[in-house]
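Chemist: Dropping in input10.pdb, which is PDB, C-alpha atoms, pLDDT in the B column:
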ATOM      1  CA  MET A 991      -3.632 -13.553 -20.562  1.00 83.00           C
ATOM      2  CA  LYS A 992      -3.902 -10.293 -18.646  1.00 91.00           C
ATOM      3  CA  GLU A 993      -1.648  -9.581 -15.660  1.00 92.00           C
ATOM      4  CA  THR A 994      -2.045  -6.688 -13.222  1.00 95.00           C
ATOM      5  CA  ARG A 995       0.186  -5.488 -10.393  1.00 96.00           C
ATOM      6  CA  THR A 996      -0.827  -3.667  -7.233  1.00 97.00           C
ATOM      7  CA  LEU A 997       1.312  -2.191  -4.465  1.00 97.00           C
ATOM      8  CA  ARG A 998      -0.282  -2.805  -1.058  1.00 98.00           C
ATOM      9  CA  MET A 999       1.066  -0.738   1.861  1.00 98.00           C
ATOM     10  CA  SER A1000      -0.049  -1.618   5.383  1.00 98.00           C
ATOM     11  CA  PHE A1001      -0.261   0.742   8.339  1.00 98.00           C
ATOM     12  CA  PHE A1002      -1.759   1.010  11.820  1.00 98.00           C
ATOM     13  CA  ASP A1003      -3.667   4.065  12.989  1.00 97.00           C
ATOM     14  CA  GLU A1004      -3.324   5.718  16.404  1.00 96.00           C
ATOM     15  CA  GLY A1005      -5.793   3.255  17.871  1.00 96.00           C
ATOM     16  CA  GLY A1006      -3.923   0.229  16.549  1.00 96.00           C
ATOM     17  CA  LYS A1007      -6.468  -0.485  13.805  1.00 97.00           C
ATOM     18  CA  PRO A1008      -5.078  -1.678  10.440  1.00 97.00           C
ATOM     19  CA  TRP A1009      -5.265   0.575   7.395  1.00 97.00           C
ATOM     20  CA  THR A1010      -4.196  -0.299   3.836  1.00 97.00           C
ATOM     21  CA  LEU A1011      -3.194   1.873   0.891  1.00 97.00           C
ATOM     22  CA  THR A1012      -3.510   0.142  -2.489  1.00 97.00           C
ATOM     23  CA  ILE A1013      -1.814   1.603  -5.561  1.00 96.00           C
ATOM     24  CA  SER A1014      -2.609   0.190  -9.006  1.00 96.00           C
ATOM     25  CA  ASN A1015       0.082  -0.265 -11.649  1.00 95.00           C
ATOM     26  CA  PRO A1016       3.191   0.625  -9.607  1.00 96.00           C
ATOM     27  CA  ASN A1017       6.518   1.104 -11.351  1.00 93.00           C
ATOM     28  CA  GLU A1018       8.212  -2.188 -12.246  1.00 91.00           C
ATOM     29  CA  ASN A1019      11.299  -1.240 -10.264  1.00 93.00           C
ATOM     30  CA  VAL A1020       9.630   0.174  -7.144  1.00 95.00           C
ATOM     31  CA  GLY A1021      11.789  -0.692  -4.142  1.00 94.00           C
ATOM     32  CA  ILE A1022      11.542  -0.670  -0.379  1.00 95.00           C
ATOM     33  CA  ASP A1023      13.322   2.711  -0.171  1.00 95.00           C
ATOM     34  CA  ASP A1024      10.613   4.251  -2.383  1.00 95.00           C
ATOM     35  CA  VAL A1025       7.876   2.670  -0.290  1.00 97.00           C
ATOM     36  CA  LYS A1026       9.449   3.803   3.000  1.00 96.00           C
ATOM     37  CA  SER A1027       9.761   7.350   1.674  1.00 96.00           C
ATOM     38  CA  VAL A1028       6.054   7.467   0.807  1.00 96.00           C
ATOM     39  CA  SER A1029       5.027   5.824   4.089  1.00 97.00           C
ATOM     40  CA  ASN A1030       7.170   8.267   6.078  1.00 97.00           C
ATOM     41  CA  ASN A1031       5.524  11.184   4.285  1.00 97.00           C
ATOM     42  CA  ILE A1032       2.056   9.821   5.103  1.00 96.00           C
ATOM     43  CA  THR A1033       2.778   9.139   8.777  1.00 97.00           C
ATOM     44  CA  SER A1034       4.944  12.144   9.668  1.00 96.00           C
ATOM     45  CA  ASN A1035       2.646  14.685   8.004  1.00 96.00           C
ATOM     46  CA  ARG A1036      -0.553  13.111   9.365  1.00 94.00           C
ATOM     47  CA  LEU A1037      -2.067  12.977   5.887  1.00 94.00           C
ATOM     48  CA  VAL A1038      -4.594  10.160   6.378  1.00 95.00           C
ATOM     49  CA  LYS A1039      -7.111   9.326   9.084  1.00 95.00           C
ATOM     50  CA  GLY A1040      -7.850   5.719   9.908  1.00 93.00           C
ATOM     51  CA  LYS A1041     -10.774   4.379  11.952  1.00 94.00           C
ATOM     52  CA  VAL A1042      -9.214   5.576  15.233  1.00 95.00           C
ATOM     53  CA  GLY A1043      -7.050   8.629  14.590  1.00 95.00           C
ATOM     54  CA  PHE A1044      -4.344   9.326  12.060  1.00 97.00           C
ATOM     55  CA  VAL A1045      -2.351   6.625  10.286  1.00 97.00           C
ATOM     56  CA  LYS A1046       0.705   6.354  12.492  1.00 96.00           C
ATOM     57  CA  THR A1047       2.862   3.262  11.895  1.00 96.00           C
ATOM     58  CA  PHE A1048       4.076   1.632   8.674  1.00 97.00           C
ATOM     59  CA  ASN A1049       3.639  -2.155   8.805  1.00 97.00           C
ATOM     60  CA  GLY A1050       5.140  -3.373   5.520  1.00 97.00           C
ATOM     61  CA  ALA A1051       4.353  -3.575   1.827  1.00 97.00           C
ATOM     62  CA  ALA A1052       3.837  -6.178  -0.870  1.00 97.00           C
ATOM     63  CA  ILE A1053       3.395  -6.366  -4.618  1.00 96.00           C
ATOM     64  CA  VAL A1054       0.257  -8.325  -5.488  1.00 96.00           C
ATOM     65  CA  THR A1055       0.215  -9.854  -8.976  1.00 95.00           C
ATOM     66  CA  ARG A1056      -2.997 -11.088 -10.536  1.00 95.00           C
ATOM     67  CA  LYS A1057      -3.298 -13.118 -13.727  1.00 95.00           C
ATOM     68  CA  GLU A1058      -6.554 -13.312 -15.633  1.00 93.00           C
ATOM     69  CA  ALA A1059      -7.097 -15.887 -18.372  1.00 92.00           C
ATOM     70  CA  PRO A1060     -10.215 -16.829 -20.305  1.00 91.00           C
ATOM     71  CA  ILE A1061     -11.817 -20.222 -19.668  1.00 92.00           C
ATOM     72  CA  GLN A1062     -11.675 -22.387 -22.758  1.00 88.00           C
TER      73      GLN A1062
END
Any chance you could give the structure as structure tokens?

Modeler:
Amino acid sequence: MKETRTLRMSFFDEGGKPWTLTISNPNENVGIDDVKSVSNNITSNRLVKGKVGFVKTFNGAAIVTRKEAPIQ
């Protein structure tokens, strides 16, 4: 059985439109402080444009785990 992990970070742009950053294979011990540090860097330095202006507001994060198993 194959298992994959993805870190999904949610933001809003200047127009209030949602924007998501997805990172494959995050560190096993990634914590909220790490995520907030990255999100602060993205928002305060205006590094990414969304649909309506720059990504402005961090809206949370989640680890998504996916398991893949063959059908027998």

Chemist: With distances taken over all atoms listed in the file, which of A:Lys1039, A:Arg995, A:Lys1057, A:Lys1046 is nearest to Asn1017 in chain A?

Modeler: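 Looking at the shortest contact to Asn1017 in chain A, the residue is A:Arg995.
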
Chemist: Using the chain letters and numbers from the file, give me the residues hit by the PyMOL selection byres ((chain A and resi 1053) around 8), as number ranges by chain.

Modeler: A: 995-998, 1051-1052, 1054-1055

Chemist: Which is closest to Phe1048 in chain A among A:Ile1022, A:Ile1013, A:Met999, A:Ile1061, if we use all atoms listed in the file?

Modeler: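 Residue with the minimum atom-to-atom distance to Phe1048 in chain A: A:Met999.
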
Chemist: Find, counting all atoms listed in the file, the residue in A:Gln1062, A:Asn1049, A:Asn1015, A:Asn1030 that gets nearest to Asp1003 in chain A.

Modeler: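 The shortest atom-to-atom distance to Asp1003 in chain A comes from A:Asn1049.
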
Chemist: For the provided coordinates, the residues matched by the PyMOL selection byres ((chain A and resi 1006) around 12) should be stated as a list in words.

Modeler: Ser1000, Phe1001, Phe1002, Asp1003, Glu1004, Gly1005, Lys1007, Pro1008, Trp1009, Gly1040, Lys1041, Val1042, Gly1043, Phe1044, Val1045, Lys1046, Thr1047, Phe1048 and Asn1049 of chain A

Chemist: Which residue gives the smallest distance to Ser1029 in chain A among A:Glu993, A:Gly1050, A:Pro1060, A:Pro1016, with only C-alpha atoms counted?

Modeler: A:Gly1050

Chemist: So what do you get for CA of Gly1021 in chain A versus CA of Ala1059 in chain A, distance-wise?

Modeler: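 Interatomic distance here is 28.1 Å.
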
Chemist: Rounded to one decimal in Å, what is the spacing between CA of Ser1027 in chain A and CA of Ser1014 in chain A?

Modeler: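 Going from CA of Ser1027 in chain A over to CA of Ser1014 in chain A, I get 17.8 Å.
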